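This report concerns only the one structure given below.
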Amino acid sequence: MNNKKYPNNSILLVDDEINLLNSFELTLMDNGIDNVILCSDSRNVLNILTENKISMVLLDLSMPHLRGEELLKTIVPNYPEVQVIVVTGDTEIETAVKCMKLGAFDYIVKPVEHNRLLNVINKALEIQKLKEENSSLKSILTSDNITKPEAFEEIITQNSKMKSVFQYMEAISGTSEPILVTGETGVGKELIAKSLHILSERKGNFVTTNIAGLDDQMFSDTLFGHKKGAFTNAVQDRKGQLERASGGTIFLDEIGDLGFQAQVKLLRLLQEKEFYPLGSDTPRYTDALIILATNKDLKHMVSEGSFRKDLYYRLNVHQIAPIPLRERLDDIPYLVDHFLDKAAKNFGKKKPTIPSELYTLLSTYHFPGNIRELQSMVYDAVGTHKSKIMSLSVFKQHINPNSTFEIDESKFKNGEIISFGEKLPTLKEIQTVLVNEALKRTNNNQSIAAQLLGVTRQALNRRIIQEKKV
């Protein structure tokens with residue numbers, strides 16, 4: 001009996017032909033798969049499975065002592081997490097069908113073509129990885145816990161929706177598949193990517209590259225590097241960003257701006273983890289985690305023909321959408337305090353006192369620029385700050401620069417924003433509804449409510465007094 005312990009998630013090769021086992025092992029090792037166990041005696045298979053964590057079994061059917069078919073019948077129901085690939089010299093279709101019905105993942109006929117062997121193994125490993133991630137995702141999302149809060153230290157939030165995003169990130173942190181981060185400008189996509197890098201526990205660098213505006217050659221040179229003489233002024237070899245990210249993570253921002261030729265190269269990179277430096281005919285491979293980001297609607301771009309459909313679907317394995325600031329207004333006090341600290345240090349000033357009306361004012365704003373916009377507002381306010389209590393003027397000017405009430409008429413077309421019943425309300429009734437809504441949104445702060453309504457505070461006050469008299 002063999003009681004030897006092997007590394008977790010090993011691949012078990014079972015065949016009575018030792019030369020064939022050695023050939024398989026060399027093929028796998030040449031392609032970066034080194035956690036391989038060789039077994040030439042089928043009687044040892046079940047013991048190895050019991051004593052070790054095996055991810056996959058390559059199983060010959062015709063063996064002395066214990067035939068592969070009998071082992072298959074035992075392995076599938078008792079070790080459901082193990083993928084079994086049948087390898088045999090039997091070319092009969094009935095045999096293949098029978099093995100698949102018994103639960104084999106795939107069926108390979110001898111003599112085995114090495115590319116076919118590698119393709120089947122990689123496909124099985126990929127599916128197994130996705131199953132593990134799904135299981136991890138279910139476990140984490142039902143636990144309501146963040147297991148590695150230190151990975152999210154740079155993201156200031158107490159919002160429950162954002163914490164759900166963190167849970168999803170933890171669940172997929174071990175993936176080798178590309179991760180797509182989508183969201184509006186200023187929502188914090190790069191911080192999400194940094195947190196994913198920390199969660200992945202990769203030892204290499206976190207490398208960030210903005211690929212907006214890069215043509216095909218610049219895209220290739222930036223990511224893949226070049227060989228000496230590849231083009232004019234290429235006087236020496238230069239490594240690309242992918243090689244700098246070896247063993248780590250590369251973050252590619254603004255992928256929605258890529259041209260079609262660059263999209264083709266990106267697709268090949270994601271599918272094969274393979275790339276060619278400019279001027280080289282020798283492929284190179286990357287083990288970096290690839291995180292991509294865009295603020296564009298890729299699905300819409302696919303429908304209008306400006307983004308490749310196959311690339312879009314390849315990017316849809318894991319998708320993360322940080323919550324926009326207008327949907328996490330409860331985070332505003334924490335964010336403002338954080339930016340006040342940073343701004344005060346930056347300007348060499350004392351941290352100012354926050355006026356009581358500030359949070360109410362900010363809660364009425366929709367923040368099209370999200371967290372980055374809030375940061376700019378705070379920095380501007382601290383930069384011009386002179387007294388003990390910080391002035392609201394910078395924030396008011398930013399939120400309502402014209403100090404007048406403007407209607408975006410396009411939003412009111414076809415009843416998109418306002419709908420009326422059969423009987424139209426009177427102007428007086430409409431005014432009452434608007435005033436009450438403005439006061440509700442501002443916690444009865446008349447100064448800020450007046451700003452929302454585009455009137456002076458005095459005019460609003462007169463209106464409220466008139467309402468009380470009626």
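The chains in the structure tokens are called A, B, ... from first to last as shown; in each chain the residues are counted from 1, and the ligands are counted from 1 in the order shown.
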Exercise. Please identify all polymer residues within 9 Å of A:Gly188, counting only C-alpha atoms, omitting same-chain residues fewer than 6 positions from it, and present them as number ranges by chain.
Key: A: 155, 322, 370-372
Quiz item: Quick one: residues within 12 Å of A:Lys163, only C-alpha atoms counted, chain neighbours fewer than 2 positions away excluded, as a PyMOL selection string?
Solution: chain A and resi 140-141+144-149+152+155-161+165-170+322-323+328+331
The selected residues should be written to file as an mmCIF file, in the first residue's frame (atoms: C-alpha atoms).
data_model
loop_
_atom_site.group_PDB
_atom_site.id
_atom_site.type_symbol
_atom_site.label_atom_id
_atom_site.label_comp_id
_atom_site.auth_asym_id
_atom_site.auth_seq_id
_atom_site.Cartn_x
_atom_site.Cartn_y
_atom_site.Cartn_z
ATOM 1 C CA ILE A 140 -18.956 33.928 1.183
ATOM 2 C CA LEU A 141 -22.189 35.624 0.117
ATOM 3 C CA ASP A 144 -22.146 38.165 5.297
ATOM 4 C CA ASN A 145 -18.509 38.498 6.427
ATOM 5 C CA ILE A 146 -15.431 40.183 4.993
ATOM 6 C CA THR A 147 -12.552 37.817 5.744
ATOM 7 C CA LYS A 148 -9.701 40.094 4.602
ATOM 8 C CA PRO A 149 -10.697 43.680 5.479
ATOM 9 C CA PHE A 152 -9.936 47.166 1.242
ATOM 10 C CA ILE A 155 -11.664 52.136 -0.146
ATOM 11 C CA ILE A 156 -13.548 54.322 2.338
ATOM 12 C CA THR A 157 -17.024 52.887 2.874
ATOM 13 C CA GLN A 158 -19.544 51.623 5.388
ATOM 14 C CA ASN A 159 -22.173 51.006 2.713
ATOM 15 C CA SER A 160 -23.843 47.587 2.630
ATOM 16 C CA LYS A 161 -23.913 47.474 -1.195
ATOM 17 C CA VAL A 165 -19.060 43.928 -3.790
ATOM 18 C CA PHE A 166 -16.156 43.176 -1.421
ATOM 19 C CA GLN A 167 -17.610 39.740 -0.669
ATOM 20 C CA TYR A 168 -17.802 38.951 -4.377
ATOM 21 C CA MET A 169 -14.204 40.111 -4.818
ATOM 22 C CA GLU A 170 -13.062 37.787 -2.038
ATOM 23 C CA PRO A 322 -18.470 49.611 -7.880
ATOM 24 C CA ILE A 323 -21.484 51.468 -6.475
ATOM 25 C CA ARG A 328 -24.086 55.328 -1.229
ATOM 26 C CA ASP A 331 -20.560 57.183 2.916
#
Practice problem: Would you list, as a VMD selection string, the residues of stretch 70-207 of chain A that end up in strand (DSSP E or B) under DSSP run on this structure's backbone? | Solution: chain A and resid 83 to 88 106 to 109 179 to 182 206 to 207
Quiz item: Nearest to A:Ile11: which of A:Glu94, A:Glu184, A:Asp41, A:Glu25 is it, counting only C-alpha atoms?
Solution: A:Glu25
Practice problem: Quick one: everything within 8 Å of stretch 272-278 of chain A, counting only C-alpha atoms, minus sequence neighbours fewer than 5 positions away in the same chain. Send it as a ChimeraX atom specification. | Solution: /A:220-221,224-227,230,240,265,283-287
Only C-alpha atoms, please: the residues just picked out, written as a CSV table (one decimal), in the first residue's frame.
chain,number,residue,atom,x,y,z
A,220,SER,CA,1.5,46.3,-28.7
A,221,ASP,CA,4.7,48.2,-27.7
A,224,PHE,CA,4.2,43.4,-25.2
A,225,GLY,CA,7.5,45.4,-25.6
A,226,HIS,CA,9.7,45.2,-28.7
A,227,LYS,CA,12.9,43.7,-30.0
A,230,ALA,CA,11.5,46.3,-34.7
A,240,GLY,CA,6.5,45.6,-22.0
A,265,LYS,CA,-4.5,41.0,-29.8
A,283,PRO,CA,5.6,33.8,-28.5
A,284,ARG,CA,5.8,34.6,-24.8
A,285,TYR,CA,3.4,33.7,-22.1
A,286,THR,CA,2.1,35.6,-19.1
A,287,ASP,CA,1.0,34.4,-15.7
Quiz prompt | Shell of 7 Å around A:Asn210, only C-alpha atoms, local chain residues under 5 positions omitted, as number ranges by chain | solution = A: 252-254
Exercise. Find the residues around stretch 190-196 of chain A up to 10 Å (only C-alpha atoms counted), leave out those fewer than 4 positions away in its own chain, and share them as number ranges by chain.
Key: A: 149-155, 165-166, 169-170, 172-174, 179-181, 186, 200-202, 206-208, 249-253, 289-293, 320-322
Practice problem: If you run DSSP over the backbone, which residues in stretch 178-294 of chain A end up alpha helix (DSSP H)? Put them as a ChimeraX atom specification. | Solution: /A:189-200,216-224,241-244,260-272
Prev. selection, C-alpha atoms, output as a tab-separated table (two decimals), in the first residue's frame:
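Dumped everything to again_17.tsv:
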chain	number	residue	atom	x	y	z
A	189	LYS	CA	-12.09	51.25	-10.44
A	190	GLU	CA	-8.32	51.33	-9.91
A	191	LEU	CA	-8.75	50.97	-6.13
A	192	ILE	CA	-10.92	47.92	-6.81
A	193	ALA	CA	-8.13	46.49	-8.99
A	194	LYS	CA	-5.53	47.13	-6.26
A	195	SER	CA	-7.71	45.34	-3.71
A	196	LEU	CA	-8.10	42.37	-6.06
A	197	HIS	CA	-4.32	42.21	-6.42
A	198	ILE	CA	-3.90	42.13	-2.63
A	199	LEU	CA	-6.61	39.49	-2.28
A	200	SER	CA	-4.95	37.30	-4.91
A	216	ASP	CA	-2.41	49.30	-32.56
A	217	GLN	CA	1.39	49.68	-32.57
A	218	MET	CA	1.49	51.74	-29.37
A	219	PHE	CA	-0.82	49.22	-27.68
A	220	SER	CA	1.47	46.33	-28.69
A	221	ASP	CA	4.65	48.17	-27.73
A	222	THR	CA	3.25	49.27	-24.35
A	223	LEU	CA	1.94	45.85	-23.36
A	224	PHE	CA	4.21	43.42	-25.19
A	241	GLN	CA	4.06	46.06	-19.14
A	242	LEU	CA	3.07	42.38	-19.20
A	243	GLU	CA	6.60	41.27	-18.36
A	244	ARG	CA	6.77	43.87	-15.59
A	260	PHE	CA	-10.26	46.56	-33.66
A	261	GLN	CA	-6.69	45.34	-34.28
A	262	ALA	CA	-5.78	45.92	-30.65
A	263	GLN	CA	-9.00	44.15	-29.59
A	264	VAL	CA	-7.90	41.07	-31.59
A	265	LYS	CA	-4.54	41.01	-29.79
A	266	LEU	CA	-6.21	41.51	-26.42
A	267	LEU	CA	-8.56	38.61	-27.12
A	268	ARG	CA	-5.63	36.31	-27.96
A	269	LEU	CA	-3.87	37.41	-24.79
A	270	LEU	CA	-6.92	36.59	-22.65
A	271	GLN	CA	-7.56	33.24	-24.35
A	272	GLU	CA	-4.04	31.88	-24.68
